[in-house]
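start.pdb follows; it contains PDB, C-alpha atoms.
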ATOM      1  CA  MET A   1       0.000   0.000   0.000
ATOM      2  CA  ASN A   2       1.701   3.178  -1.240
ATOM      3  CA  ILE A   3       0.143   6.291   0.332
ATOM      4  CA  ASN A   4       1.297   9.715  -0.753
ATOM      5  CA  LEU A   5       0.311  13.351  -0.226
ATOM      6  CA  LYS A   6       0.433  15.433  -3.408
ATOM      7  CA  LYS A   7       0.021  19.183  -3.151
ATOM      8  CA  ILE A   8      -3.177  20.376  -4.819
ATOM      9  CA  ASP A   9      -2.323  22.512  -7.820
ATOM     10  CA  ILE A  10      -4.353  24.910  -9.956
ATOM     11  CA  ASN A  11      -3.491  22.776 -13.016
ATOM     12  CA  ASP A  12      -4.702  19.466 -11.584
ATOM     13  CA  GLY A  13      -6.740  17.308 -13.921
ATOM     14  CA  VAL A  14     -10.398  16.395 -13.592
ATOM     15  CA  ASP A  15      -9.721  13.123 -11.739
ATOM     16  CA  GLY A  16      -9.829  15.259  -8.592
ATOM     17  CA  LEU A  17     -13.305  16.458  -9.571
ATOM     18  CA  GLU A  18     -14.529  12.870  -9.613
ATOM     19  CA  VAL A  19     -13.132  12.313  -6.098
ATOM     20  CA  LEU A  20     -14.843  15.469  -4.821
ATOM     21  CA  LYS A  21     -18.151  14.386  -6.417
ATOM     22  CA  GLN A  22     -17.902  11.015  -4.653
ATOM     23  CA  ILE A  23     -17.120  12.742  -1.347
ATOM     24  CA  ALA A  24     -20.087  15.092  -1.755
ATOM     25  CA  ILE A  25     -22.614  12.318  -2.408
ATOM     26  CA  THR A  26     -21.453  10.097   0.474
ATOM     27  CA  PHE A  27     -22.076  12.731   3.150
ATOM     28  CA  GLU A  28     -25.575  12.407   4.539
ATOM     29  CA  GLU A  29     -25.270  15.508   6.711
ATOM     30  CA  GLU A  30     -23.336  18.666   5.982
ATOM     31  CA  SER A  31     -20.758  18.033   3.281
ATOM     32  CA  PRO A  32     -17.524  20.016   2.988
ATOM     33  CA  ILE A  33     -18.051  19.768  -0.779
ATOM     34  CA  PRO A  34     -21.238  21.095  -2.427
ATOM     35  CA  LYS A  35     -23.376  18.259  -3.806
ATOM     36  CA  GLU A  36     -23.745  20.155  -7.090
ATOM     37  CA  ILE A  37     -19.973  20.444  -7.657
ATOM     38  CA  ASP A  38     -19.103  20.793 -11.332
ATOM     39  CA  GLU A  39     -16.020  21.827 -13.314
ATOM     40  CA  TYR A  40     -16.587  25.506 -12.455
ATOM     41  CA  LEU A  41     -16.738  24.857  -8.696
ATOM     42  CA  TYR A  42     -13.834  22.419  -8.990
ATOM     43  CA  LYS A  43     -11.656  25.138 -10.546
ATOM     44  CA  GLY A  44     -12.679  27.355  -7.616
ATOM     45  CA  PHE A  45     -11.565  24.628  -5.200
ATOM     46  CA  LEU A  46      -8.175  24.444  -6.937
ATOM     47  CA  TYR A  47      -7.851  28.228  -7.064
ATOM     48  CA  LEU A  48      -8.713  28.560  -3.365
ATOM     49  CA  ALA A  49      -6.003  26.015  -2.499
ATOM     50  CA  LYS A  50      -3.493  28.264  -4.294
ATOM     51  CA  GLU A  51      -4.800  31.514  -2.785
ATOM     52  CA  GLU A  52      -4.706  30.242   0.801
ATOM     53  CA  GLU A  53      -1.145  28.878   0.670
ATOM     54  CA  ASN A  54       0.027  31.342   3.320
ATOM     55  CA  ILE A  55      -2.433  29.911   5.881
ATOM     56  CA  CYS A  56      -3.266  26.446   4.567
ATOM     57  CA  GLN A  57      -1.655  23.717   2.496
ATOM     58  CA  ARG A  58      -3.976  21.251   0.757
ATOM     59  CA  TYR A  59      -3.035  17.832  -0.552
ATOM     60  CA  TRP A  60      -4.591  15.029  -2.530
ATOM     61  CA  ILE A  61      -4.414  11.741  -0.684
ATOM     62  CA  GLU A  62      -3.172   9.182  -3.183
ATOM     63  CA  LEU A  63      -3.184   5.420  -2.816
ATOM     64  CA  ASP A  64      -1.042   3.736  -5.460
ATOM     65  CA  ASN A  65      -1.213   6.980  -7.527
ATOM     66  CA  LYS A  66      -5.043   7.128  -7.359
ATOM     67  CA  LYS A  67      -6.717  10.081  -5.627
ATOM     68  CA  ILE A  68      -8.861   8.825  -2.749
ATOM     69  CA  GLY A  69      -9.438  12.032  -0.765
ATOM     70  CA  TYR A  70      -7.824  15.255   0.345
ATOM     71  CA  ALA A  71      -6.173  16.645   3.451
ATOM     72  CA  ASP A  72      -4.995  19.984   4.735
ATOM     73  CA  ILE A  73      -2.758  21.683   7.265
ATOM     74  CA  LYS A  74      -3.947  25.071   8.493
ATOM     75  CA  TYR A  75      -1.470  27.083  10.518
ATOM     76  CA  ILE A  76      -1.429  30.195  12.655
ATOM     77  CA  GLN A  77       1.119  31.831  14.899
ATOM     78  CA  ASN A  78       0.109  31.774  18.535
ATOM     79  CA  ASP A  79       0.645  35.247  20.071
ATOM     80  CA  TYR A  80       1.190  33.788  23.537
ATOM     81  CA  ASP A  81       4.346  31.774  22.954
ATOM     82  CA  ARG A  82       5.161  32.647  19.324
ATOM     83  CA  LYS A  83       5.053  29.005  18.338
ATOM     84  CA  TYR A  84       3.110  27.752  15.392
ATOM     85  CA  LEU A  85      -0.023  25.731  15.913
ATOM     86  CA  GLY A  86      -1.676  23.710  13.206
ATOM     87  CA  ASN A  87      -5.032  22.203  12.494
ATOM     88  CA  ILE A  88      -5.061  19.123  10.309
ATOM     89  CA  GLY A  89      -7.962  17.503   8.583
ATOM     90  CA  LEU A  90      -8.670  14.837   6.035
ATOM     91  CA  ILE A  91     -11.509  13.334   4.071
ATOM     92  CA  ILE A  92     -11.132   9.892   2.556
ATOM     93  CA  LEU A  93     -13.612   8.195   0.246
ATOM     94  CA  LYS A  94     -15.865   5.885   2.239
ATOM     95  CA  GLU A  95     -14.614   2.709   0.544
ATOM     96  CA  TYR A  96     -11.067   3.422   1.815
ATOM     97  CA  GLN A  97     -12.028   4.247   5.408
ATOM     98  CA  LYS A  98     -11.288   1.922   8.347
ATOM     99  CA  LYS A  99      -8.271   0.424   6.562
ATOM    100  CA  GLY A 100      -5.488   2.268   8.442
ATOM    101  CA  ILE A 101      -5.060   4.888   5.718
ATOM    102  CA  GLY A 102      -6.203   7.770   7.947
ATOM    103  CA  PHE A 103      -3.570   6.861  10.532
ATOM    104  CA  ILE A 104      -0.809   6.940   7.910
ATOM    105  CA  VAL A 105      -2.089  10.194   6.392
ATOM    106  CA  ILE A 106      -2.229  11.955   9.756
ATOM    107  CA  LYS A 107       1.327  10.797  10.535
ATOM    108  CA  LEU A 108       2.435  12.229   7.161
ATOM    109  CA  LEU A 109       0.588  15.505   7.881
ATOM    110  CA  ILE A 110       2.178  15.804  11.326
ATOM    111  CA  GLU A 111       5.611  15.232   9.793
ATOM    112  CA  LYS A 112       4.960  17.917   7.156
ATOM    113  CA  ALA A 113       3.605  20.325   9.794
ATOM    114  CA  LYS A 114       6.723  19.976  11.925
ATOM    115  CA  ASN A 115       9.393  19.777   9.232
ATOM    116  CA  GLU A 116       8.058  22.079   6.521
ATOM    117  CA  PHE A 117       6.044  24.641   8.488
ATOM    118  CA  ASN A 118       7.730  24.639  11.906
ATOM    119  CA  ILE A 119       4.468  23.745  13.635
ATOM    120  CA  ASP A 120       4.979  22.478  17.169
ATOM    121  CA  LYS A 121       1.546  21.036  17.855
ATOM    122  CA  VAL A 122      -1.393  20.061  15.709
ATOM    123  CA  GLN A 123      -5.057  19.981  16.561
ATOM    124  CA  ILE A 124      -7.654  17.571  15.237
ATOM    125  CA  ALA A 125     -11.382  18.176  15.666
ATOM    126  CA  THR A 126     -13.856  15.300  15.441
ATOM    127  CA  LYS A 127     -17.588  15.044  15.777
ATOM    128  CA  VAL A 128     -18.448  13.801  19.256
ATOM    129  CA  ASP A 129     -20.217  10.763  17.786
ATOM    130  CA  ASN A 130     -17.529   9.835  15.222
ATOM    131  CA  VAL A 131     -16.258   6.704  16.963
ATOM    132  CA  SER A 132     -13.736   5.864  14.218
ATOM    133  CA  ALA A 133     -12.119   9.315  14.352
ATOM    134  CA  ILE A 134     -12.021   9.245  18.156
ATOM    135  CA  LYS A 135     -10.304   5.825  18.106
ATOM    136  CA  LEU A 136      -7.856   7.143  15.507
ATOM    137  CA  CYS A 137      -6.947  10.128  17.707
ATOM    138  CA  GLU A 138      -6.484   7.819  20.683
ATOM    139  CA  LYS A 139      -4.272   5.491  18.610
ATOM    140  CA  LEU A 140      -2.154   8.511  17.636
ATOM    141  CA  GLY A 141      -1.691   9.364  21.318
ATOM    142  CA  ALA A 142      -3.556  12.658  21.005
ATOM    143  CA  ASP A 143      -4.719  14.457  24.134
ATOM    144  CA  LEU A 144      -8.375  15.482  24.394
ATOM    145  CA  ILE A 145      -8.280  19.161  25.360
ATOM    146  CA  ASP A 146     -11.888  20.212  24.871
ATOM    147  CA  SER A 147     -15.244  18.712  24.059
ATOM    148  CA  ASP A 148     -18.190  20.882  23.109
ATOM    149  CA  GLU A 149     -19.951  20.446  19.775
ATOM    150  CA  LYS A 150     -16.757  18.669  18.673
ATOM    151  CA  ASN A 151     -13.906  16.862  20.381
ATOM    152  CA  HIS A 152     -10.632  18.759  20.116
ATOM    153  CA  TYR A 153      -7.400  16.757  20.308
ATOM    154  CA  VAL A 154      -3.794  17.945  20.325
ATOM    155  CA  ILE A 155      -0.712  16.024  19.263
TER     156      ILE A 155
END

The structure in this file should be written as structure tokens.
Amino acid sequence: MNINLKKIDINDGVDGLEVLKQIAITFEEESPIPKEIDEYLYKGFLYLAKEEENICQRYWIELDNKKIGYADIKYIQNDYDRKYLGNIGLIILKEYQKKGIGFIVIKLLIEKAKNEFNIDKVQIATKVDNVSAIKLCEKLGADLIDSDEKNHYVI
């Protein structure tokens, strides 16, 4: 199993659009991707990834060179201790979930956050009823720091 993170680029082909369409239709509740995504909205997604590079890096999640989701690292400088904090997130197509891919992707994101962006700690937010995500955070050794509408973990 070869898992890779590839930076999302404004010139990416339409295979990414197909992944986003699959993500949009599998969400029963609020989807991070509009259900009516088309080539126009897809180009906006790619453009936004480029425009937000100073606060967020977005990546395609690839399994054996096939796009199966996307992930991001958002970063801010904490005024209190002048260290960088990051927020990482990922969305993987349903058929690839619960196979250990999320664990590997988060490890890759943490490595990128620390080595490429000088981020000392990363935060992961999960829905309070997302048992799989909670187990993943626990497996990663994340500390639960807050629980309101979402669980907030720090690694």

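Residues surrounding Lys7 of chain A within 10 Å are Ala49, Lys50, Gln57, Arg58, Tyr59, Trp60, Ile61, Tyr70, Ala71 and Asp72 of chain A [only C-alpha atoms; sequence separation below 6 positions excluded].
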
Residue by residue, what does the PyMOL selection byres ((chain A and resi 23) around 8) grab here? Present the result as a compact mmCIF listing (two decimals) with C-alpha atoms, in the coordinates of the input.
# COMPACT_ATOMS: atom_id res chain seq x y z
CA VAL A 19 -13.13 12.31 -6.10
CA LEU A 20 -14.84 15.47 -4.82
CA LYS A 21 -18.15 14.39 -6.42
CA GLN A 22 -17.90 11.02 -4.65
CA ALA A 24 -20.09 15.09 -1.76
CA ILE A 25 -22.61 12.32 -2.41
CA THR A 26 -21.45 10.10 0.47
CA PHE A 27 -22.08 12.73 3.15
CA SER A 31 -20.76 18.03 3.28
CA ILE A 33 -18.05 19.77 -0.78
CA GLY A 69 -9.44 12.03 -0.76
CA ILE A 91 -11.51 13.33 4.07
CA ILE A 92 -11.13 9.89 2.56
CA LEU A 93 -13.61 8.20 0.25
CA LYS A 94 -15.86 5.88 2.24

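Residues matched by the PyMOL selection byres ((chain A and resi 41-48) around 8) in this structure: Ile8, Asp9, Ile10, Asn11, Asp12, Leu17, Ile37, Asp38, Glu39, Tyr40, Ala49, Lys50, Glu51 and Glu52 of chain A.
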
- Among the residues A:Val105, A:Lys98, A:Pro34, A:Lys67, the one that comes closest to Val131 of chain A [using all atoms listed in the file]: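 So, comparing all the options, the nearest one is A:Lys98.
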
- Kindly indicate which residue among A:Ile68, A:Ile3, A:Ile104, A:Ile88 lies nearest to Ile119 of chain A, using only C-alpha atoms for the distances. A:Ile88

- Counting only C-alpha atoms, which of A:Asn4, A:Lys35, A:Ala142, A:Leu136 gets nearest to Val122 of chain A? A:Ala142

For Ile145 of chain A, list every protein, DNA or RNA residue within 10 Å, evaluated using all atoms listed in the file, and leave out those in the same chain fewer than 5 positions away; present the list as a PDB file with C-alpha atoms, in the coordinates of the input.
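Final file, result05.pdb:
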ATOM      1  CA  GLN A 123      -5.057  19.981  16.561  1.00  0.00           C
ATOM      2  CA  ASN A 151     -13.906  16.862  20.381  1.00  0.00           C
ATOM      3  CA  HIS A 152     -10.632  18.759  20.116  1.00  0.00           C
ATOM      4  CA  TYR A 153      -7.400  16.757  20.308  1.00  0.00           C
ATOM      5  CA  VAL A 154      -3.794  17.945  20.325  1.00  0.00           C
TER       6      VAL A 154
END

- Work out how far apart atom CA of Ile55 of chain A and atom CA of Ala113 of chain A are and give it in Å to one decimal.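 The value is 12.0 Å.
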